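Enquirer: Below is the file query_23.cif, with mmCIF, C-alpha atoms.
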data_upload
#
loop_
_atom_site.label_atom_id
_atom_site.label_comp_id
_atom_site.auth_asym_id
_atom_site.auth_seq_id
_atom_site.Cartn_x
_atom_site.Cartn_y
_atom_site.Cartn_z
CA MET A 132 66.47 -31.94 -4.29
CA LYS A 133 63.64 -31.54 -6.78
CA HIS A 134 64.15 -28.95 -9.53
CA ILE A 135 61.61 -26.12 -9.21
CA ASP A 136 61.04 -23.54 -11.94
CA TYR A 137 60.73 -19.87 -11.00
CA GLN A 138 58.56 -17.41 -12.92
CA ARG A 139 57.65 -13.75 -12.52
CA VAL A 140 54.30 -12.30 -13.52
CA SER A 141 53.30 -8.71 -14.15
CA ASP A 142 49.58 -8.87 -13.35
CA VAL A 143 47.12 -10.89 -11.28
CA GLY A 144 45.30 -12.26 -14.31
CA GLN A 145 48.51 -13.73 -15.67
CA ALA A 146 49.22 -15.39 -12.32
CA VAL A 147 45.75 -16.92 -12.06
CA GLN A 148 46.09 -18.45 -15.52
CA GLN A 149 49.24 -20.30 -14.44
CA LEU A 150 48.25 -21.46 -10.96
CA ASP A 151 47.29 -25.04 -10.12
CA PRO A 152 48.31 -27.53 -7.38
CA LEU A 153 51.78 -27.93 -8.95
CA HIS A 154 52.32 -24.25 -9.77
CA ARG A 155 52.16 -22.26 -6.55
CA PRO A 156 52.29 -18.52 -5.80
CA LEU A 157 55.27 -16.98 -4.02
CA ALA A 158 55.16 -13.62 -2.23
CA GLY A 159 57.13 -13.02 0.98
CA GLY A 160 58.22 -16.66 1.00
CA THR A 161 58.60 -16.82 4.78
CA ASP A 162 56.47 -19.98 4.97
CA MET A 163 56.87 -21.49 1.50
CA LEU A 164 60.67 -21.54 1.50
CA GLY A 165 60.76 -23.30 4.86
CA LEU A 166 58.31 -25.93 3.64
CA LEU A 167 60.42 -26.48 0.52
CA LYS A 168 63.59 -26.98 2.55
CA LEU A 169 61.82 -29.46 4.82
CA GLY A 170 60.47 -31.43 1.87
CA VAL A 171 56.86 -30.92 2.95
CA VAL A 172 55.83 -29.37 -0.39
CA GLY A 173 57.30 -29.89 -3.84
CA PRO A 174 55.64 -27.86 -6.61
CA ASP A 175 56.91 -27.92 -10.18
CA SER A 176 57.16 -24.13 -10.23
CA LEU A 177 56.79 -21.02 -8.11
CA ILE A 178 54.97 -17.99 -9.53
CA ASP A 179 56.43 -14.80 -8.07
CA ILE A 180 53.48 -12.44 -7.50
CA LYS A 181 55.53 -9.69 -5.86
CA THR A 182 56.19 -8.30 -9.32
CA SER A 183 52.48 -8.25 -10.20
CA ASP A 184 49.98 -5.42 -9.81
CA LEU A 185 48.76 -6.73 -6.46
CA SER A 186 48.50 -3.93 -3.91
CA ALA A 187 50.59 -3.42 -0.78
CA SER A 188 48.60 -0.40 0.40
CA ILE A 189 46.48 0.49 3.43
CA GLU A 190 43.58 2.81 2.60
CA GLU A 191 40.68 4.28 4.54
CA ARG A 192 37.56 4.66 2.40
CA GLU A 193 33.94 5.54 3.04
CA ASP A 194 33.00 1.87 3.55
CA GLY A 195 35.96 0.97 5.79
CA LEU A 196 39.59 -0.09 5.50
CA HIS A 197 41.12 -1.73 2.45
CA LEU A 198 44.42 -3.61 2.74
CA GLY A 199 46.32 -5.03 -0.21
CA ALA A 200 47.32 -8.69 -0.24
CA LEU A 201 51.04 -7.81 -0.38
CA THR A 202 50.88 -5.46 2.62
CA THR A 203 53.55 -6.61 5.06
CA LEU A 204 53.14 -7.13 8.78
CA THR A 205 55.61 -4.30 9.33
CA GLN A 206 53.41 -1.92 7.32
CA ILE A 207 50.41 -2.90 9.43
CA ALA A 208 52.33 -2.49 12.69
CA GLN A 209 53.48 1.02 11.68
CA SER A 210 50.25 2.29 10.10
CA ASP A 211 48.57 5.33 11.63
CA ILE A 212 45.34 4.36 9.85
CA ILE A 213 45.34 0.92 11.45
CA ALA A 214 46.24 2.41 14.83
CA ALA A 215 43.21 4.69 14.65
CA ARG A 216 40.67 2.23 13.18
CA ALA A 217 41.80 -1.30 14.09
CA PRO A 218 44.43 -1.11 16.84
CA LEU A 219 44.21 -4.80 17.71
CA LEU A 220 45.96 -5.47 14.38
CA ILE A 221 48.87 -3.33 15.54
CA GLU A 222 49.40 -5.54 18.58
CA ALA A 223 48.96 -8.77 16.62
CA SER A 224 51.47 -7.68 13.97
CA ARG A 225 54.05 -6.60 16.53
CA LEU A 226 53.78 -9.92 18.37
CA ALA A 227 54.15 -11.99 15.19
CA ALA A 228 57.54 -13.56 14.45
CA THR A 229 60.76 -11.53 14.21
CA ARG A 230 61.35 -8.08 12.76
CA GLN A 231 63.07 -9.57 9.72
CA ILE A 232 60.14 -11.91 9.01
CA ARG A 233 57.59 -9.11 9.54
CA ASN A 234 59.45 -7.08 6.91
CA ARG A 235 58.84 -9.86 4.37
CA ALA A 236 55.65 -11.64 5.47
CA THR A 237 52.54 -10.52 3.59
CA LEU A 238 49.00 -10.20 4.87
CA ALA A 239 47.58 -12.84 2.51
CA GLY A 240 50.48 -15.18 3.17
CA ASN A 241 49.97 -14.89 6.92
CA LEU A 242 46.34 -15.99 6.56
CA LEU A 243 47.29 -18.92 4.32
CA GLN A 244 50.34 -20.20 6.19
CA MET A 245 50.52 -23.90 6.96
CA PRO A 246 50.44 -25.40 10.47
CA ARG A 247 53.51 -25.25 12.68
CA CYS A 248 52.90 -28.78 13.98
CA TRP A 249 56.26 -30.54 14.32
CA TYR A 250 54.81 -33.76 12.85
CA PHE A 251 53.50 -31.93 9.78
CA ARG A 252 56.79 -30.10 9.24
CA ASP A 253 58.89 -33.26 9.53
CA GLY A 254 59.38 -34.50 5.98
CA ASP A 255 59.89 -38.05 7.27
CA VAL A 256 56.57 -38.24 9.16
CA ASP A 257 53.56 -39.39 7.16
CA CYS A 258 50.93 -37.41 9.06
CA TRP A 259 47.24 -37.35 8.09
CA LEU A 260 47.29 -33.73 6.89
CA LYS A 261 49.93 -34.52 4.26
CA GLN A 262 47.98 -37.47 2.81
CA GLU A 263 46.10 -35.42 0.23
CA GLY A 264 44.32 -37.72 -2.19
CA SER A 265 44.83 -40.82 -0.04
CA PRO A 266 42.05 -43.31 0.76
CA THR A 267 39.44 -42.02 3.17
CA ASP A 268 38.93 -45.14 5.27
CA ARG A 269 38.82 -44.95 9.05
CA ALA A 270 42.40 -46.13 9.48
CA GLN A 271 43.68 -43.19 7.46
CA GLU A 272 41.52 -40.70 9.37
CA ASP A 273 42.98 -41.87 12.68
CA ASN A 274 46.56 -41.32 11.55
CA CYS A 275 47.38 -38.12 13.44
CA PRO A 276 50.64 -38.61 15.37
CA ALA A 277 49.78 -35.75 17.73
CA GLU A 278 46.71 -37.48 19.12
CA HIS A 279 48.79 -39.75 21.33
CA GLY A 280 52.15 -38.04 20.91
CA ARG A 281 53.63 -34.65 21.77
CA ASN A 282 50.54 -32.48 21.69
CA GLU A 283 51.17 -29.69 24.20
CA HIS A 284 50.80 -27.03 21.47
CA HIS A 285 47.84 -28.62 19.70
CA ALA A 286 44.08 -28.09 19.52
CA ILE A 287 41.67 -28.33 22.44
CA PHE A 288 38.59 -27.95 20.26
CA GLN A 289 38.49 -31.11 18.16
CA THR A 290 36.71 -30.62 14.83
CA SER A 291 39.03 -32.53 12.50
CA PRO A 292 41.19 -35.67 12.33
CA CYS A 293 44.08 -33.17 12.35
CA HIS A 294 44.93 -31.70 15.75
CA ALA A 295 47.23 -28.90 14.53
CA VAL A 296 46.17 -25.33 15.31
CA HIS A 297 45.93 -22.48 12.83
CA PRO A 298 49.10 -20.42 13.40
CA SER A 299 48.06 -16.91 12.32
CA ASP A 300 47.97 -13.98 14.76
CA ILE A 301 46.24 -11.79 12.17
CA ALA A 302 43.35 -14.15 11.31
CA PRO A 303 41.54 -13.99 14.69
CA CYS A 304 41.76 -10.18 14.62
CA LEU A 305 40.33 -9.88 11.12
CA LEU A 306 37.50 -12.26 12.00
CA ALA A 307 36.77 -10.17 15.09
CA LEU A 308 36.46 -7.20 12.73
CA ASP A 309 34.02 -9.04 10.39
CA ALA A 310 36.53 -8.70 7.55
CA ARG A 311 36.04 -9.90 3.99
CA PHE A 312 38.64 -11.09 1.51
CA LYS A 313 38.80 -10.26 -2.16
CA VAL A 314 39.81 -13.12 -4.41
CA LYS A 315 40.66 -13.36 -8.09
CA GLY A 316 40.06 -16.63 -9.91
CA PRO A 317 39.02 -18.05 -13.28
CA SER A 318 35.48 -16.74 -12.70
CA GLY A 319 36.67 -13.20 -11.98
CA MET A 320 36.92 -11.06 -8.85
CA GLN A 321 34.80 -11.85 -5.79
CA SER A 322 34.41 -10.57 -2.24
CA ARG A 323 33.69 -13.19 0.43
CA PRO A 324 33.34 -13.21 4.23
CA LEU A 325 36.71 -14.07 5.74
CA ASN A 326 35.00 -16.76 7.78
CA ASP A 327 34.53 -18.68 4.49
CA LEU A 328 38.30 -18.93 4.08
CA PHE A 329 38.78 -21.15 7.14
CA ALA A 330 37.42 -24.65 7.64
CA PRO A 331 38.61 -27.67 9.65
CA PRO A 332 40.54 -30.11 7.45
CA ASP A 333 38.58 -33.13 6.28
CA ALA A 334 39.26 -36.11 4.04
CA LYS A 335 38.48 -34.14 0.88
CA HIS A 336 40.25 -30.90 1.88
CA ARG A 337 43.36 -31.56 3.94
CA ARG A 338 44.06 -27.90 4.52
CA GLN A 339 42.93 -25.32 7.07
CA THR A 340 41.83 -22.93 4.34
CA ARG A 341 39.38 -23.18 1.46
CA LEU A 342 41.02 -21.40 -1.46
CA ASP A 343 40.95 -22.96 -4.90
CA PRO A 344 44.46 -23.63 -6.29
CA GLN A 345 43.66 -21.24 -9.16
CA GLU A 346 42.57 -18.39 -6.87
CA LEU A 347 44.61 -15.54 -5.40
CA ILE A 348 43.69 -13.33 -2.47
CA THR A 349 44.01 -9.74 -3.68
CA GLY A 350 43.02 -7.82 -0.57
CA ILE A 351 41.18 -7.55 2.73
CA GLU A 352 38.17 -5.32 3.45
CA ILE A 353 37.36 -4.27 7.02
CA PRO A 354 33.87 -2.74 7.26
CA LEU A 355 32.81 0.14 9.46
CA LEU A 356 31.67 -0.84 12.95
CA PRO A 357 28.17 0.00 14.23
CA THR A 358 27.81 3.50 15.67
CA GLY A 359 28.97 3.95 19.25
CA SER A 360 32.24 3.87 21.13
CA ALA A 361 34.53 1.19 19.70
CA GLY A 362 37.29 -0.71 21.45
CA SER A 363 39.43 -3.71 20.60
CA ALA A 364 42.19 -5.85 22.05
CA TYR A 365 44.53 -8.69 21.15
CA VAL A 366 46.28 -10.73 23.85
CA LYS A 367 48.62 -13.63 23.30
CA ALA A 368 50.31 -16.21 25.54
CA MET A 369 53.61 -17.66 24.32
CA ASP A 370 56.11 -20.14 25.71
CA ARG A 371 58.79 -17.45 25.45
CA LYS A 372 58.52 -13.69 25.64
CA ALA A 373 58.84 -12.92 21.95
CA TRP A 374 59.06 -14.39 18.45
CA ALA A 375 56.86 -17.39 19.28
CA PHE A 376 53.56 -18.71 18.00
CA ALA A 377 50.57 -18.50 20.32
CA LEU A 378 49.89 -21.16 22.89
CA ALA A 379 46.55 -19.38 22.90
CA SER A 380 45.41 -15.91 21.92
CA CYS A 381 42.23 -13.85 21.94
CA ALA A 382 41.02 -11.06 19.65
CA VAL A 383 38.08 -8.86 20.65
CA SER A 384 36.19 -6.11 18.86
CA MET A 385 33.46 -4.26 20.76
CA VAL A 386 31.07 -1.33 20.44
CA VAL A 387 29.51 0.25 23.53
CA ARG A 388 26.50 2.55 23.44
CA ASP A 389 24.86 4.06 26.53
CA ARG A 390 27.19 1.86 28.63
CA LYS A 391 25.81 -1.30 27.04
CA VAL A 392 27.61 -3.73 24.76
CA VAL A 393 25.82 -3.45 21.41
CA HIS A 394 28.39 -5.30 19.29
CA LEU A 395 30.90 -7.95 20.33
CA ARG A 396 33.20 -10.39 18.55
CA VAL A 397 35.48 -12.77 20.49
CA VAL A 398 37.84 -15.03 18.53
CA LEU A 399 40.46 -17.40 19.93
CA GLY A 400 43.70 -18.41 18.26
CA GLY A 401 45.95 -21.38 19.01
CA VAL A 402 43.13 -23.63 20.23
CA ALA A 403 41.64 -25.20 17.08
CA SER A 404 42.42 -25.98 13.46
CA ILE A 405 40.73 -22.67 12.58
CA PRO A 406 40.34 -19.37 14.46
CA TRP A 407 37.68 -20.19 17.05
CA ARG A 408 34.83 -17.73 17.55
CA LEU A 409 32.95 -17.78 20.87
CA LYS A 410 29.44 -16.98 19.61
CA GLU A 411 27.69 -18.11 22.81
CA LEU A 412 29.72 -15.69 24.90
CA GLU A 413 29.02 -12.88 22.43
CA HIS A 414 25.29 -13.56 22.69
CA GLU A 415 25.35 -13.60 26.50
CA MET A 416 27.11 -10.23 26.72
CA GLN A 417 25.00 -8.54 24.04
CA GLY A 418 22.79 -5.66 25.18
CA ALA A 419 24.05 -5.47 28.75
CA ALA A 420 26.59 -3.49 30.71
CA LEU A 421 29.84 -5.37 31.15
CA ASP A 422 29.85 -7.27 34.45
CA PRO A 423 33.21 -8.90 35.25
CA LYS A 424 31.58 -11.77 37.16
CA LYS A 425 29.10 -12.44 34.37
CA LEU A 426 31.95 -12.30 31.87
CA GLU A 427 34.02 -14.77 33.87
CA ALA A 428 31.10 -17.21 34.08
CA ALA A 429 30.32 -16.83 30.37
CA ALA A 430 33.97 -17.42 29.44
CA SER A 431 34.04 -20.61 31.51
CA ARG A 432 30.87 -21.87 29.85
CA ALA A 433 32.27 -21.06 26.42
CA MET A 434 35.32 -23.23 27.14
CA ALA A 435 33.26 -26.17 28.42
CA ALA A 436 33.17 -27.69 24.93
CA ALA A 437 36.96 -28.06 24.88
CA ALA A 438 38.32 -31.60 24.62
CA PRO A 439 42.02 -31.29 25.42
CA LEU A 440 44.57 -33.94 24.53
CA SER A 441 46.93 -35.64 26.97
CA ARG A 442 49.41 -32.75 27.32
CA ASN A 443 47.46 -29.54 26.60
CA ALA A 444 44.70 -29.31 29.21
CA TYR A 445 46.44 -26.17 30.50
CA LYS A 446 45.09 -24.35 27.43
CA VAL A 447 41.51 -24.45 28.74
CA GLU A 448 42.26 -22.24 31.75
CA LEU A 449 44.78 -20.19 29.80
CA ALA A 450 42.26 -19.37 27.06
CA THR A 451 39.58 -18.59 29.66
CA GLN A 452 41.83 -16.02 31.29
CA LEU A 453 42.81 -14.50 27.94
CA VAL A 454 39.13 -14.04 27.06
CA ASN A 455 38.50 -12.22 30.33
CA GLN A 456 41.58 -10.05 29.83
CA ALA A 457 40.88 -9.18 26.18
CA VAL A 458 37.19 -8.38 26.66
CA GLN A 459 37.92 -6.11 29.61
CA GLN A 460 40.72 -4.37 27.72
CA ALA A 461 38.44 -3.76 24.75
CA HIS A 462 35.69 -2.47 27.03
CA HIS A 463 38.12 -0.10 28.76
CA ALA A 464 39.25 1.22 25.37
CA ALA A 465 35.64 1.72 24.25
CA SER A 466 34.70 3.44 27.49
CA ALA A 467 37.65 5.81 27.17
CA VAL A 468 36.53 7.11 23.77
#
As structure tokens, how would this structure be written, given the file I've shared?

Expert:
Amino acid sequence: MKHIDYQRVSDVGQAVQQLDPLHRPLAGGTDMLGLLKLGVVGPDSLIDIKTSDLSASIEEREDGLHLGALTTLTQIAQSDIIAARAPLLIEASRLAATRQIRNRATLAGNLLQMPRCWYFRDGDVDCWLKQEGSPTDRAQEDNCPAEHGRNEHHAIFQTSPCHAVHPSDIAPCLLALDARFKVKGPSGMQSRPLNDLFAPPDAKHRRQTRLDPQELITGIEIPLLPTGSAGSAYVKAMDRKAWAFALASCAVSMVVRDRKVVHLRVVLGGVASIPWRLKELEHEMQGAALDPKKLEAAASRAMAAAAPLSRNAYKVELATQLVNQAVQQAHHAASAV
């Protein structure tokens, strides 16, 4: 086994100065340690940021909610502030992993976790996603074992040579809430739309996230919703009742005013290499009272662009039903306010 150095840092600035592709941050470790054991990653050193001044707090301020990067999934699941202002995050956190992992897993780490594709996590399989820095010819780009292999858990929206899905339960919810992420890097502190963090892997960036190796996420900002009655929902289908990653999931945030939908975000998980927002459906439902038949038709149209692989066509209908369920749950919650 490769020798890996371990270092502790006391502040974010110190961590940023040491980070690069071979010197990686370590927080909860629930993903990193598994990848190390499997031989998928092999940095020269791990920089422990748990001992730094990164926050693990949940605060409600005048401009919205502020969550520290080291906030655990357990803290989110048990937060009265989150329950009152962003209840879909409560459900997503409770459905993620096991209690022991939720006690350790951090918010930033959950967003940045690597795919759960069995080909990617097999240290003996030379999958396309692990070929960082390799030639970019067509033969290399076609080298995804899942395309013609075991792909029942893989993407149905094909936007990358990699067919693995983004595994986070939290990411679709935060995108549905129009969240931003704060990041510290060599150029200082910045706040960016969370949507900018996720991008389909390509030949130059064989990752599902776009974070520079010398950058650290320091927190998440969730802005205030437009005025009106707000409702949200998160629904998730798994191949077993608990402790499983999503076959498909759907996060919805909605504001209703005068019985009309004035704000709507619908984001799918488990169907693409990034959380998949259904902008066409949002546009169709905007400004009108919720009609279940219109919703059902809009959800079907939104899924028409899916291109399932040989073993995962079931996800098209599954995701369609989850969209209908989540939107109606969010509308019911908004109407009850």

Enquirer: List every protein, DNA or RNA residue with an atom no more than 10 Å from (35.7, -1.7, 25.9) in the file's coordinates, counting all atoms listed in the file, and format the result as an mmCIF file with C-alpha atoms, in the frame of the given file.

Expert:
data_model
loop_
_atom_site.group_PDB
_atom_site.id
_atom_site.type_symbol
_atom_site.label_atom_id
_atom_site.label_comp_id
_atom_site.auth_asym_id
_atom_site.auth_seq_id
_atom_site.Cartn_x
_atom_site.Cartn_y
_atom_site.Cartn_z
ATOM 1 C CA SER A 360 32.240 3.870 21.130
ATOM 2 C CA ALA A 361 34.530 1.190 19.700
ATOM 3 C CA GLY A 362 37.290 -0.710 21.450
ATOM 4 C CA SER A 363 39.430 -3.710 20.600
ATOM 5 C CA ALA A 364 42.190 -5.850 22.050
ATOM 6 C CA VAL A 383 38.080 -8.860 20.650
ATOM 7 C CA SER A 384 36.190 -6.110 18.860
ATOM 8 C CA MET A 385 33.460 -4.260 20.760
ATOM 9 C CA VAL A 386 31.070 -1.330 20.440
ATOM 10 C CA VAL A 387 29.510 0.250 23.530
ATOM 11 C CA ARG A 390 27.190 1.860 28.630
ATOM 12 C CA LYS A 391 25.810 -1.300 27.040
ATOM 13 C CA VAL A 392 27.610 -3.730 24.760
ATOM 14 C CA LEU A 395 30.900 -7.950 20.330
ATOM 15 C CA LEU A 421 29.840 -5.370 31.150
ATOM 16 C CA ALA A 457 40.880 -9.180 26.180
ATOM 17 C CA VAL A 458 37.190 -8.380 26.660
ATOM 18 C CA GLN A 459 37.920 -6.110 29.610
ATOM 19 C CA GLN A 460 40.720 -4.370 27.720
ATOM 20 C CA ALA A 461 38.440 -3.760 24.750
ATOM 21 C CA HIS A 462 35.690 -2.470 27.030
ATOM 22 C CA HIS A 463 38.120 -0.100 28.760
ATOM 23 C CA ALA A 464 39.250 1.220 25.370
ATOM 24 C CA ALA A 465 35.640 1.720 24.250
ATOM 25 C CA SER A 466 34.700 3.440 27.490
ATOM 26 C CA ALA A 467 37.650 5.810 27.170
ATOM 27 C CA VAL A 468 36.530 7.110 23.770
#

Enquirer: Write out as a PDB file with C-alpha atoms, in the frame of the given file the residues lying within 6 Å of region 147-155 of chain A, counting all atoms listed in the file and excluding same-chain residues fewer than 3 positions away.

Expert:
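Contents of out.pdb, freshly written:
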ATOM      1  CA  GLY A 144      45.300 -12.260 -14.310  1.00  0.00           C
ATOM      2  CA  PRO A 174      55.640 -27.860  -6.610  1.00  0.00           C
ATOM      3  CA  ASP A 175      56.910 -27.920 -10.180  1.00  0.00           C
ATOM      4  CA  SER A 176      57.160 -24.130 -10.230  1.00  0.00           C
ATOM      5  CA  LEU A 177      56.790 -21.020  -8.110  1.00  0.00           C
ATOM      6  CA  ILE A 178      54.970 -17.990  -9.530  1.00  0.00           C
ATOM      7  CA  PRO A 344      44.460 -23.630  -6.290  1.00  0.00           C
ATOM      8  CA  GLN A 345      43.660 -21.240  -9.160  1.00  0.00           C
TER       9      GLN A 345
END

Enquirer: Neighbouring residues of Lys367 (chain A) were defined as those with any atom within 8 Å, considering all atoms listed in the file; residues of the same chain fewer than 6 positions away were excluded. Please report them as a VMD selection string.

Expert: chain A and resid 377 to 381 453

Enquirer: Let's have the selection written as a PDB file, in the coordinates of the input, with C-alpha atoms.

Expert:
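This went into out_23.pdb:
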ATOM      1  CA  ALA A 377      50.570 -18.500  20.320  1.00  0.00           C
ATOM      2  CA  LEU A 378      49.890 -21.160  22.890  1.00  0.00           C
ATOM      3  CA  ALA A 379      46.550 -19.380  22.900  1.00  0.00           C
ATOM      4  CA  SER A 380      45.410 -15.910  21.920  1.00  0.00           C
ATOM      5  CA  CYS A 381      42.230 -13.850  21.940  1.00  0.00           C
ATOM      6  CA  LEU A 453      42.810 -14.500  27.940  1.00  0.00           C
TER       7      LEU A 453
END

Enquirer: CA of Arg337 (chain A) and CA of Trp259 (chain A) are how many Å apart?

Expert: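 Spanning CA of Arg337 (chain A) to CA of Trp259 (chain A) is a straight-line distance of 8.1 Å.
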
Enquirer: Name the residues in contact with Ser141 (chain A) at a cut-off of 9 Å, using only C-alpha atoms, excluding same-chain residues fewer than 6 positions from it; report them as an MDAnalysis selection string.

Expert: chainID A and resid 180:184

Enquirer: What is the CA of Ala436 (chain A)-CA of Arg396 (chain A) distance in Å, reported with one decimal?

Expert: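 CA of Ala436 (chain A) sits 18.4 Å away from CA of Arg396 (chain A).
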
Enquirer: Give me the result of the PyMOL selection byres ((chain A and resi 165-169) around 9) on this file, residue by residue, as a PyMOL selection string.

Expert: chain A and resi 132+160-164+170-174+245+252-254

Enquirer: Using the chain letters and numbers from this file, what does the PyMOL selection byres ((chain A and resi 292) around 9) select? Give the answer as a ChimeraX atom specification.

Expert: /A:259-260,272-275,278,289-291,293-294,331-334

Enquirer: Taking all atoms listed in the file into account, name the residue in A:Ile405, A:Val447, A:Val256, A:Val140 that is nearest to Pro156 (chain A).

Expert: A:Val140

Enquirer: Return the single residue from A:Asp343, A:Ser441, A:Ala450, A:Asp194 that is closest to Ala277 (chain A), with distances computed using all atoms listed in the file.

Expert: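 Once distances to Ala277 (chain A) are computed over all atoms listed in the file, the minimum belongs to A:Ser441.
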
Enquirer: Name the residues, using the chain letters and numbers of the file, that sit within 7 Å of (57.9, -3.1, 6.6) when counting only C-alpha atoms, and give them as a compact mmCIF listing (two decimals) with C-alpha atoms, in the frame of the given file.

Expert:
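point-v4.txt, freshly written:
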# COMPACT_ATOMS: atom_id res chain seq x y z
CA THR A 203 53.55 -6.61 5.06
CA LEU A 204 53.14 -7.13 8.78
CA THR A 205 55.61 -4.30 9.33
CA GLN A 206 53.41 -1.92 7.32
CA ARG A 233 57.59 -9.11 9.54
CA ASN A 234 59.45 -7.08 6.91

Enquirer: Run the PyMOL selection byres ((chain A and resi 347) around 8) on the file and write out the hits as a list in words.

Expert: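 On this input, the PyMOL selection byres ((chain A and resi 347) around 8) captures Val143, Val147, Val314, Lys315, Gly316, Leu342, Gln345, Glu346, Ile348 and Thr349 of chain A.
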
Enquirer: Calculate how many Å separate CA of Asp255 (chain A) from CA of Pro276 (chain A), rounding to one decimal.

Expert: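 Computing it gives 12.3 Å between the two atoms.
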
Enquirer: For Ala382 (chain A), list every protein, DNA or RNA residue within 6 Å, evaluated using all atoms listed in the file, and leave out those in the same chain fewer than 2 positions away; present the list as a VMD selection string.

Expert: chain A and resid 303 to 304 364 to 365 397 to 398

Enquirer: Selected residues, C-alpha atoms, written as a CSV table (one decimal), in the coordinates of the input, please.

Expert:
chain,number,residue,atom,x,y,z
A,303,PRO,CA,41.5,-14.0,14.7
A,304,CYS,CA,41.8,-10.2,14.6
A,364,ALA,CA,42.2,-5.8,22.0
A,365,TYR,CA,44.5,-8.7,21.2
A,397,VAL,CA,35.5,-12.8,20.5
A,398,VAL,CA,37.8,-15.0,18.5

Enquirer: From the set A:Ile135, A:Leu399, A:Ala146, A:Val454, which residue has the shortest atom-to-atom contact distance to Leu426 (chain A), counting all atoms listed in the file?

Expert: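 Of A:Ile135, A:Leu399, A:Ala146, A:Val454, the one nearest Leu426 (chain A) is A:Val454, counting all atoms listed in the file.
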
Enquirer: Give the padded box for region 286-303 of chain A as lines of an AutoDock Vina configuration file: axis-aligned, covering all atoms listed in the file, 4 Å on each side, centre and edge lengths in Å to one decimal.

Expert:
center_x = 42.9
center_y = -23.7
center_z = 16.9
size_x = 20.4
size_y = 31.9
size_z = 19.1

Enquirer: Would you mind telling me which residue in A:Ala158, A:Ala217, A:Ala375, A:Ala435 lies nearest to Thr237 (chain A) when using all atoms listed in the file?

Expert: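 Looking only at the distances to Thr237 (chain A), the closest residue turns out to be A:Ala158.
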
Enquirer: Using only C-alpha atoms for the distances, tell me which of A:Lys261, A:Arg139, A:Arg225, A:Lys313 is nearest to Ala200 (chain A).

Expert: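 Among A:Lys261, A:Arg139, A:Arg225, A:Lys313, it is A:Lys313 that comes nearest to Ala200 (chain A).
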
Enquirer: Could you check which of A:Pro317, A:Gln262, A:Cys248, A:Leu305 is closest to Gln145 (chain A), using all atoms listed in the file?

Expert: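 Smallest distance to Gln145 (chain A) is found for A:Pro317.
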